[in-house]
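Visitor: target_10.cif is reproduced in full below (mmCIF, C-alpha atoms).
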```cif
data_entry
loop_
_atom_site.label_atom_id
_atom_site.label_comp_id
_atom_site.auth_asym_id
_atom_site.auth_seq_id
_atom_site.Cartn_x
_atom_site.Cartn_y
_atom_site.Cartn_z
CA MET A 200 19.12 -5.56 14.45
CA ALA A 201 15.68 -5.70 12.87
CA ARG A 202 13.69 -2.51 12.93
CA GLY A 203 10.20 -2.53 14.39
CA MET A 204 7.06 -0.44 14.32
CA MET A 205 8.42 1.89 16.98
CA ASP A 206 11.31 2.72 14.65
CA ILE A 207 9.13 3.85 11.75
CA ALA A 208 5.71 4.97 13.01
CA ALA A 209 6.93 8.36 14.30
CA GLU A 210 8.27 9.45 10.93
CA ALA A 211 6.38 12.56 9.83
CA ILE A 212 6.83 11.65 6.17
CA LEU A 213 4.25 8.88 6.62
CA ILE A 214 1.60 11.60 7.03
CA ALA A 215 1.94 12.19 3.29
CA GLY A 216 0.20 8.85 2.76
CA GLY A 217 -2.85 9.80 4.81
CA GLY A 218 -4.98 10.77 1.83
CA ARG A 219 -4.18 7.53 0.04
CA ALA A 220 -5.15 5.44 3.07
CA ILE A 221 -8.43 7.32 3.51
CA LEU A 222 -9.43 6.94 -0.15
CA LEU A 223 -8.69 3.22 0.01
CA GLN A 224 -10.86 2.96 3.12
CA VAL A 225 -13.74 4.93 1.61
CA ALA A 226 -13.64 2.84 -1.58
CA HIS A 227 -14.75 -0.15 0.47
CA PRO A 228 -18.52 -0.16 -0.19
CA ALA A 229 -19.55 -0.50 3.45
CA VAL A 230 -17.00 1.98 4.78
CA GLY A 231 -17.89 4.40 2.00
CA ARG A 232 -21.55 4.29 2.89
CA GLY A 233 -20.84 4.89 6.55
CA VAL A 234 -18.59 7.84 5.77
CA ALA A 235 -21.03 9.36 3.28
CA GLU A 236 -23.96 9.12 5.70
CA HIS A 237 -22.35 9.70 9.08
CA SER A 238 -19.10 11.63 8.68
CA ASP A 239 -18.11 15.13 7.70
CA PHE A 240 -14.39 14.44 7.97
CA ALA A 241 -13.73 15.69 4.43
CA SER A 242 -14.78 19.15 5.55
CA ARG A 243 -12.56 18.84 8.65
CA PRO A 244 -9.41 17.19 7.31
CA LEU A 245 -7.17 18.32 10.16
CA ASP A 246 -9.52 16.86 12.78
CA ARG A 247 -9.50 13.49 11.01
CA LEU A 248 -5.73 13.62 10.55
CA HIS A 249 -5.11 14.49 14.21
CA ALA A 250 -7.48 11.76 15.39
CA THR A 251 -5.87 9.05 13.24
CA LEU A 252 -2.31 10.08 14.08
CA THR A 253 -3.09 10.33 17.79
CA TYR A 254 -4.60 6.85 17.75
CA VAL A 255 -1.60 5.31 15.97
CA TYR A 256 0.92 7.11 18.17
CA ALA A 257 -0.94 6.09 21.34
CA VAL A 258 -1.05 2.45 20.27
CA VAL A 259 2.65 2.39 19.43
CA TYR A 260 4.19 4.74 21.99
CA GLY A 261 1.59 5.20 24.71
CA GLY A 262 0.97 3.41 27.96
CA PRO A 263 -2.35 2.14 29.38
CA PRO A 264 -3.73 5.66 30.14
CA GLU A 265 -3.07 6.92 26.61
CA ARG A 266 -4.45 3.78 25.00
CA ALA A 267 -7.56 3.94 27.18
CA GLU A 268 -8.11 7.57 26.21
CA VAL A 269 -7.88 6.95 22.45
CA ARG A 270 -10.04 3.82 22.76
CA ARG A 271 -12.67 5.91 24.54
CA ARG A 272 -12.52 8.57 21.80
CA VAL A 273 -12.82 6.06 18.97
CA ASN A 274 -15.70 4.22 20.62
CA LEU A 275 -17.49 7.51 21.27
CA ALA A 276 -17.11 8.49 17.62
CA HIS A 277 -18.23 5.06 16.40
CA ALA A 278 -21.21 4.59 18.70
CA PRO A 279 -23.80 6.35 16.49
CA VAL A 280 -22.38 5.09 13.20
CA HIS A 281 -24.57 2.30 11.91
CA ALA A 282 -26.40 2.02 8.62
CA ASP A 283 -28.88 -0.67 7.64
CA ALA A 284 -28.34 -2.52 4.41
CA ALA A 285 -29.21 -0.52 1.33
CA GLY A 286 -28.41 -1.96 -2.05
CA GLY A 287 -26.98 -4.95 -0.19
CA VAL A 288 -24.49 -2.81 1.76
CA ALA A 289 -24.61 -2.26 5.52
CA TYR A 290 -22.15 -0.48 7.77
CA ASP A 291 -21.36 -0.87 11.43
CA ALA A 292 -18.34 1.04 12.74
CA TYR A 293 -17.68 -1.80 15.19
CA ASP A 294 -17.55 -4.47 12.46
CA PRO A 295 -14.17 -6.25 12.89
CA ALA A 296 -13.90 -6.98 9.15
CA LEU A 297 -14.19 -3.29 8.32
CA GLN A 298 -11.79 -2.28 11.06
CA LEU A 299 -9.37 -4.87 9.68
CA TRP A 300 -9.53 -3.15 6.29
CA VAL A 301 -8.88 0.26 7.87
CA ALA A 302 -5.86 -1.11 9.77
CA ALA A 303 -4.64 -2.83 6.60
CA THR A 304 -4.70 0.43 4.63
CA LEU A 305 -2.69 2.18 7.35
CA TYR A 306 -0.08 -0.59 7.40
CA GLU A 307 0.25 -1.00 3.64
CA THR A 308 0.44 2.74 3.02
CA ALA A 309 2.97 3.37 5.78
CA VAL A 310 5.33 0.61 4.65
CA ASP A 311 5.02 1.58 0.98
CA LEU A 312 5.89 5.22 1.68
CA TYR A 313 8.60 4.39 4.21
CA GLN A 314 10.42 2.17 1.72
CA ARG A 315 10.15 4.79 -1.02
CA VAL A 316 11.99 7.26 1.24
CA PHE A 317 14.32 5.05 3.29
CA GLY A 318 14.87 2.12 0.95
CA ARG A 319 13.70 -1.46 1.05
CA LEU A 320 13.32 -3.06 4.46
CA ASP A 321 15.29 -6.21 5.14
CA GLU A 322 13.20 -9.35 5.59
CA ALA A 323 13.54 -9.50 9.38
CA SER A 324 12.47 -5.87 9.78
CA ALA A 325 9.61 -6.24 7.31
CA ASP A 326 8.30 -9.31 9.18
CA ARG A 327 8.62 -7.68 12.60
CA ILE A 328 6.89 -4.46 11.48
CA TYR A 329 4.09 -6.45 9.88
CA GLN A 330 3.40 -8.48 13.02
CA GLU A 331 3.50 -5.40 15.23
CA TYR A 332 1.07 -3.50 13.01
CA ALA A 333 -1.66 -5.95 14.02
CA GLN A 334 -2.15 -3.94 17.21
CA ILE A 335 -3.58 -1.02 15.21
CA GLY A 336 -6.67 -3.17 14.81
CA THR A 337 -6.56 -5.40 17.87
CA VAL A 338 -6.54 -2.48 20.33
CA LEU A 339 -10.12 -2.01 19.13
CA GLN A 340 -12.42 -4.79 17.93
CA VAL A 341 -10.26 -6.80 15.51
CA PRO A 342 -9.52 -10.30 16.90
CA GLN A 343 -5.84 -11.19 16.97
CA ASP A 344 -6.36 -14.14 14.65
CA ALA A 345 -8.14 -11.96 12.07
CA TRP A 346 -4.87 -10.24 11.13
CA PRO A 347 -3.36 -12.38 8.35
CA PRO A 348 -0.61 -14.52 9.90
CA ASP A 349 2.26 -13.37 7.68
CA ARG A 350 3.10 -10.95 4.87
CA ALA A 351 2.27 -13.44 2.14
CA ALA A 352 -1.17 -14.02 3.65
CA PHE A 353 -1.63 -10.26 3.95
CA ARG A 354 -0.82 -9.83 0.26
CA ASP A 355 -3.44 -12.48 -0.57
CA TYR A 356 -5.98 -10.64 1.60
CA TRP A 357 -5.06 -7.28 0.04
CA ASP A 358 -5.26 -8.60 -3.51
CA ALA A 359 -8.65 -10.17 -2.75
CA VAL A 360 -10.15 -6.94 -1.36
CA LEU A 361 -8.85 -4.53 -4.02
CA PRO A 362 -11.14 -5.84 -6.83
CA THR A 363 -14.19 -5.37 -4.56
CA LEU A 364 -13.52 -1.65 -4.07
CA ARG A 365 -15.79 0.75 -5.87
CA THR A 366 -17.03 4.30 -5.66
CA ASP A 367 -20.31 6.12 -6.20
CA ALA A 368 -21.37 9.74 -6.40
CA SER A 369 -21.19 10.14 -2.61
CA THR A 370 -17.71 8.71 -2.17
CA ARG A 371 -16.40 10.59 -5.20
CA ARG A 372 -17.75 13.77 -3.62
CA VAL A 373 -15.93 12.90 -0.40
CA ALA A 374 -12.72 12.42 -2.40
CA ARG A 375 -13.11 15.79 -4.14
CA GLU A 376 -13.69 17.55 -0.82
CA LEU A 377 -10.72 15.83 0.73
CA LEU A 378 -8.36 16.65 -2.13
CA THR A 379 -9.42 20.30 -2.40
CA ALA A 380 -9.61 20.97 1.36
CA ARG A 381 -11.82 23.96 0.72
CA ASN A 382 -12.70 24.39 4.40
CA ALA A 383 -9.15 23.86 5.65
CA PRO A 384 -6.87 26.65 6.90
CA ARG A 385 -5.16 28.68 4.20
CA TRP A 386 -1.75 27.20 4.94
CA LEU A 387 -3.11 23.69 4.40
CA ARG A 388 -4.78 24.62 1.12
CA ALA A 389 -1.43 26.00 -0.06
CA CYS A 390 0.11 22.57 0.59
CA MET A 391 -2.57 20.67 -1.32
CA PRO A 392 -1.01 20.54 -4.83
CA PRO A 393 1.87 18.22 -3.79
CA VAL A 394 -0.45 16.36 -1.38
CA ARG A 395 -2.91 15.71 -4.23
CA LEU A 396 -0.11 14.55 -6.50
CA ILE A 397 1.27 12.12 -3.92
CA THR A 398 -2.19 10.83 -3.01
CA VAL A 399 -3.23 10.20 -6.60
CA ALA A 400 0.11 8.68 -7.58
CA LEU A 401 0.17 6.26 -4.65
CA LEU A 402 -3.32 4.88 -5.29
CA PRO A 403 -3.62 1.55 -7.11
CA ALA A 404 -4.53 2.30 -10.73
CA ASP A 405 -7.98 0.67 -10.57
CA VAL A 406 -8.92 2.62 -7.44
CA ARG A 407 -7.62 5.83 -8.98
CA ASP A 408 -9.78 5.21 -12.03
CA ALA A 409 -12.81 4.44 -9.87
CA TYR A 410 -12.52 7.88 -8.31
CA GLY A 411 -12.19 9.49 -11.73
CA LEU A 412 -8.68 10.69 -10.89
CA ARG A 413 -6.04 10.97 -13.57
CA LEU A 414 -2.26 10.64 -13.44
CA SER A 415 -0.67 12.06 -16.56
CA ALA A 416 2.79 11.13 -17.78
CA ARG A 417 3.95 14.59 -16.77
CA ASN A 418 2.60 14.19 -13.23
CA THR A 419 4.11 10.73 -13.00
CA ARG A 420 7.51 12.28 -13.70
CA ARG A 421 6.84 15.03 -11.15
CA PHE A 422 5.91 12.44 -8.54
CA ARG A 423 9.11 10.48 -9.17
CA ARG A 424 11.16 13.66 -8.82
CA TRP A 425 9.39 14.43 -5.53
CA MET A 426 10.15 10.95 -4.21
CA ARG A 427 13.80 11.16 -5.22
CA ALA A 428 14.13 14.54 -3.51
CA LEU A 429 12.42 13.29 -0.36
CA ALA A 430 14.65 10.21 -0.27
CA MET A 431 17.73 12.44 -0.47
CA ILE A 432 16.64 15.11 2.03
CA TYR A 433 14.19 13.73 4.56
CA PRO A 434 16.30 10.94 6.17
CA ARG A 435 19.05 13.52 6.84
CA LEU A 436 16.78 15.81 8.83
CA PRO A 437 17.20 15.81 12.64
CA ARG A 438 14.97 13.35 14.46
CA GLY A 439 13.44 16.23 16.40
CA ILE A 440 11.98 17.55 13.15
CA ARG A 441 11.01 14.15 11.75
CA PHE A 442 9.26 13.14 14.97
CA ALA A 443 7.73 16.55 15.80
CA PRO A 444 4.09 15.61 15.02
CA ARG A 445 4.34 12.47 17.17
CA ASP A 446 5.82 14.41 20.08
CA ALA A 447 3.28 17.25 19.91
CA LEU A 448 0.24 14.96 19.70
CA MET A 449 1.49 12.66 22.45
CA ARG A 450 2.00 15.63 24.78
CA ARG A 451 -1.57 16.72 24.10
CA LEU A 452 -2.91 13.21 24.63
CA ARG A 453 -1.04 12.73 27.90
CA ARG A 454 -2.45 15.99 29.25
CA ALA A 455 -5.96 14.87 28.30
CA ALA A 456 -5.46 11.45 29.92
CA VAL A 457 -4.19 13.04 33.15
CA GLN A 458 -7.09 15.49 33.23
CA ARG A 459 -9.63 12.71 32.66
CA ALA A 460 -8.08 10.58 35.41
CA ALA A 461 -8.19 13.54 37.80
CA ALA A 462 -11.83 14.28 36.92
CA THR A 463 -12.75 10.63 37.42
CA ALA A 464 -11.02 10.54 40.81
CA SER A 465 -12.79 13.70 41.97
CA ARG A 466 -16.21 12.15 41.27
CA ARG A 467 -15.56 9.14 43.47
#
```
Now that the file is in, can you turn its structure into structure tokens?
Guide:
Amino acid sequence: MARGMMDIAAEAILIAGGGRAILLQVAHPAVGRGVAEHSDFASRPLDRLHATLTYVYAVVYGGPPERAEVRRRVNLAHAPVHADAAGGVAYDAYDPALQLWVAATLYETAVDLYQRVFGRLDEASADRIYQEYAQIGTVLQVPQDAWPPDRAAFRDYWDAVLPTLRTDASTRRVARELLTARNAPRWLRACMPPVRLITVALLPADVRDAYGLRLSARNTRRFRRWMRALAMIYPRLPRGIRFAPRDALMRRLRRAAVQRAAATASRR
């Protein structure tokens, strides 16, 4: 039976691709400008990580109350984020084309990392997961027909966007802050060396170069050893461990949704 998005999205190992997805997003000129001018997420990496994971988990595993709660949170965060064109670049957090790119980076990164750890997906599973990932964007402002119709069309879209990505001093600063996590808790800073290695190694070479990041032959070998070890160990872990972040964040979200519904009812 073909696997679907519900079968893979809860895997904690996908969190390791978070930095790669963010740097791909920020390398988009319009997204990068919006982040540089309106976001301090690089100084609060856990907040950004929790928000993104909670949104994805709610879309995939939540019901109407959970989806409504994350939609409210995202819209609240996006409401003030708008930048007029400067140097030919404008940013509007509600722009469907930009939200499509964000959703695309989450899909492409998740599938890439999943297959590195669990092995290549069969064609039926790959097609089903691709179609189901459209909802990451369509729950917000991305029209259903904006998601490329199949994996081949997605690859054409992806290959067309990659050459347009670029960085500047502001986005390179964001990348440095993200990869050093200077303001993060001590335990997270201790985890950053392997996180940096995985993030840098997973980036497309041109994007890596645009950020001024380097991947030496030695670090390439280290990355491959890490991936081989993860592929041997991670799939054998109990599901309770592999799905722990999903379960914890969904419990928190459900409590928040219930509390908001109760508060709304009391005001009527």
Visitor: Got a sec: who's within 12 Å of Ala250 in chain A, counting all atoms listed in the file, leaving out chain neighbours fewer than 3 positions off, as a ChimeraX atom specification?
Guide: /A:217,240,243-247,253-257,268-270,272-273,276,445,448-449,451-452
Visitor: Given the file shown, enumerate the residues that the PyMOL selection byres ((chain A and resi 264) around 12) captures and present them as an NGL selection string.
Guide: :A and (257-258 or 260-263 or 265-271 or 449 or 452-461)
Visitor: Give one line per residue of range 289-394 of chain A that approaches range 200-210 of chain A to at most 6 Å, naming the two atoms of the closest pair and their distance in Å to one decimal, counting all atoms listed in the file; sort by chain then ascending residue number and deliver it as CSV.
Guide:
```
residue,atom,partner,partner_atom,distance
A:Ala323,CA,A:Ala201,CA,5.6
A:Ser324,CA,A:Ala201,CA,4.5
A:Arg327,CA,A:Gly203,CA,5.7
A:Ile328,CA,A:Gly203,CA,4.8
```
Visitor: Report the distance between CA of Arg441 in chain A and CA of Ala428 in chain A in Å, rounded to one decimal place.
Guide: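 A separation of 15.6 Å between them.
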Visitor: Selection in question (the file shown): the PyMOL selection byres ((chain A and resi 353-356) around 12). Which residues does it include, as a ChimeraX atom specification?
Guide: /A:296,299-300,302-304,306-307,326,329-330,332-333,345-352,357-363
Visitor: In Å, with one decimal, what is the gap from CA of Asp294 in chain A to CA of Pro228 in chain A?
Guide: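 One can read the CA of Asp294 in chain A to CA of Pro228 in chain A distance as 13.4 Å.
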Visitor: For CA of Arg427 in chain A and CA of Ala211 in chain A, determine how far apart the two atoms are, in Å to one decimal place.
Guide: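 CA of Arg427 in chain A sits 16.8 Å away from CA of Ala211 in chain A.
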Visitor: Step by step: locate range 208-233 of chain A in the block above, keep N, CA and C atoms, then write the file as a PDB file, in the first residue's frame.
Guide:
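File written: part_20.pdb
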```
ATOM      1  N   ALA A 208       5.175  12.604   7.815  1.00  0.00           N
ATOM      2  CA  ALA A 208       5.331  13.962   8.345  1.00  0.00           C
ATOM      3  C   ALA A 208       5.649  13.995   9.832  1.00  0.00           C
ATOM      4  N   ALA A 209       5.302  12.941  10.577  1.00  0.00           N
ATOM      5  CA  ALA A 209       5.549  12.928  12.018  1.00  0.00           C
ATOM      6  C   ALA A 209       6.975  12.548  12.370  1.00  0.00           C
ATOM      7  N   GLU A 210       7.757  12.103  11.407  1.00  0.00           N
ATOM      8  CA  GLU A 210       9.107  11.638  11.707  1.00  0.00           C
ATOM      9  C   GLU A 210       9.985  12.785  12.205  1.00  0.00           C
ATOM     10  N   ALA A 211      10.523  12.630  13.412  1.00  0.00           N
ATOM     11  CA  ALA A 211      11.332  13.693  14.006  1.00  0.00           C
ATOM     12  C   ALA A 211      12.585  13.976  13.201  1.00  0.00           C
ATOM     13  N   ILE A 212      13.079  12.996  12.462  1.00  0.00           N
ATOM     14  CA  ILE A 212      14.318  13.191  11.704  1.00  0.00           C
ATOM     15  C   ILE A 212      14.157  14.302  10.679  1.00  0.00           C
ATOM     16  N   LEU A 213      12.935  14.569  10.228  1.00  0.00           N
ATOM     17  CA  LEU A 213      12.726  15.617   9.232  1.00  0.00           C
ATOM     18  C   LEU A 213      13.064  16.990   9.787  1.00  0.00           C
ATOM     19  N   ILE A 214      13.045  17.126  11.126  1.00  0.00           N
ATOM     20  CA  ILE A 214      13.397  18.407  11.743  1.00  0.00           C
ATOM     21  C   ILE A 214      14.821  18.802  11.385  1.00  0.00           C
ATOM     22  N   ALA A 215      15.669  17.805  11.125  1.00  0.00           N
ATOM     23  CA  ALA A 215      17.065  18.095  10.773  1.00  0.00           C
ATOM     24  C   ALA A 215      17.172  18.897   9.480  1.00  0.00           C
ATOM     25  N   GLY A 216      16.136  18.884   8.665  1.00  0.00           N
ATOM     26  CA  GLY A 216      16.154  19.654   7.427  1.00  0.00           C
ATOM     27  C   GLY A 216      15.614  21.062   7.568  1.00  0.00           C
ATOM     28  N   GLY A 217      15.226  21.447   8.787  1.00  0.00           N
ATOM     29  CA  GLY A 217      14.608  22.748   8.975  1.00  0.00           C
ATOM     30  C   GLY A 217      15.498  23.907   8.550  1.00  0.00           C
ATOM     31  N   GLY A 218      16.773  23.843   8.907  1.00  0.00           N
ATOM     32  CA  GLY A 218      17.677  24.924   8.535  1.00  0.00           C
ATOM     33  C   GLY A 218      17.831  25.050   7.036  1.00  0.00           C
ATOM     34  N   ARG A 219      17.887  23.931   6.353  1.00  0.00           N
ATOM     35  CA  ARG A 219      18.010  23.951   4.892  1.00  0.00           C
ATOM     36  C   ARG A 219      16.791  24.601   4.259  1.00  0.00           C
ATOM     37  N   ALA A 220      15.588  24.232   4.730  1.00  0.00           N
ATOM     38  CA  ALA A 220      14.367  24.813   4.172  1.00  0.00           C
ATOM     39  C   ALA A 220      14.334  26.322   4.402  1.00  0.00           C
ATOM     40  N   ILE A 221      14.712  26.761   5.596  1.00  0.00           N
ATOM     41  CA  ILE A 221      14.675  28.190   5.905  1.00  0.00           C
ATOM     42  C   ILE A 221      15.648  28.960   5.018  1.00  0.00           C
ATOM     43  N   LEU A 222      16.862  28.445   4.842  1.00  0.00           N
ATOM     44  CA  LEU A 222      17.837  29.160   4.018  1.00  0.00           C
ATOM     45  C   LEU A 222      17.410  29.206   2.553  1.00  0.00           C
ATOM     46  N   LEU A 223      16.747  28.164   2.079  1.00  0.00           N
ATOM     47  CA  LEU A 223      16.194  28.219   0.727  1.00  0.00           C
ATOM     48  C   LEU A 223      15.103  29.280   0.628  1.00  0.00           C
ATOM     49  N   GLN A 224      14.264  29.369   1.641  1.00  0.00           N
ATOM     50  CA  GLN A 224      13.203  30.381   1.650  1.00  0.00           C
ATOM     51  C   GLN A 224      13.789  31.782   1.647  1.00  0.00           C
ATOM     52  N   VAL A 225      14.754  32.017   2.525  1.00  0.00           N
ATOM     53  CA  VAL A 225      15.317  33.354   2.682  1.00  0.00           C
ATOM     54  C   VAL A 225      16.124  33.771   1.457  1.00  0.00           C
ATOM     55  N   ALA A 226      16.633  32.806   0.695  1.00  0.00           N
ATOM     56  CA  ALA A 226      17.385  33.134  -0.513  1.00  0.00           C
ATOM     57  C   ALA A 226      16.493  33.652  -1.637  1.00  0.00           C
ATOM     58  N   HIS A 227      15.186  33.472  -1.507  1.00  0.00           N
ATOM     59  CA  HIS A 227      14.278  34.093  -2.466  1.00  0.00           C
ATOM     60  C   HIS A 227      14.317  35.592  -2.200  1.00  0.00           C
ATOM     61  N   PRO A 228      14.594  36.419  -3.203  1.00  0.00           N
ATOM     62  CA  PRO A 228      14.797  37.846  -2.927  1.00  0.00           C
ATOM     63  C   PRO A 228      13.668  38.508  -2.152  1.00  0.00           C
ATOM     64  N   ALA A 229      12.417  38.219  -2.499  1.00  0.00           N
ATOM     65  CA  ALA A 229      11.309  38.867  -1.808  1.00  0.00           C
ATOM     66  C   ALA A 229      11.151  38.339  -0.392  1.00  0.00           C
ATOM     67  N   VAL A 230      11.258  37.023  -0.217  1.00  0.00           N
ATOM     68  CA  VAL A 230      11.163  36.457   1.125  1.00  0.00           C
ATOM     69  C   VAL A 230      12.314  36.968   1.982  1.00  0.00           C
ATOM     70  N   GLY A 231      13.510  37.003   1.406  1.00  0.00           N
ATOM     71  CA  GLY A 231      14.667  37.469   2.151  1.00  0.00           C
ATOM     72  C   GLY A 231      14.504  38.889   2.629  1.00  0.00           C
ATOM     73  N   ARG A 232      13.939  39.738   1.801  1.00  0.00           N
ATOM     74  CA  ARG A 232      13.735  41.127   2.226  1.00  0.00           C
ATOM     75  C   ARG A 232      12.727  41.200   3.354  1.00  0.00           C
ATOM     76  N   GLY A 233      11.642  40.438   3.234  1.00  0.00           N
ATOM     77  CA  GLY A 233      10.650  40.450   4.300  1.00  0.00           C
ATOM     78  C   GLY A 233      11.211  39.969   5.616  1.00  0.00           C
TER      79      GLY A 233
END
```
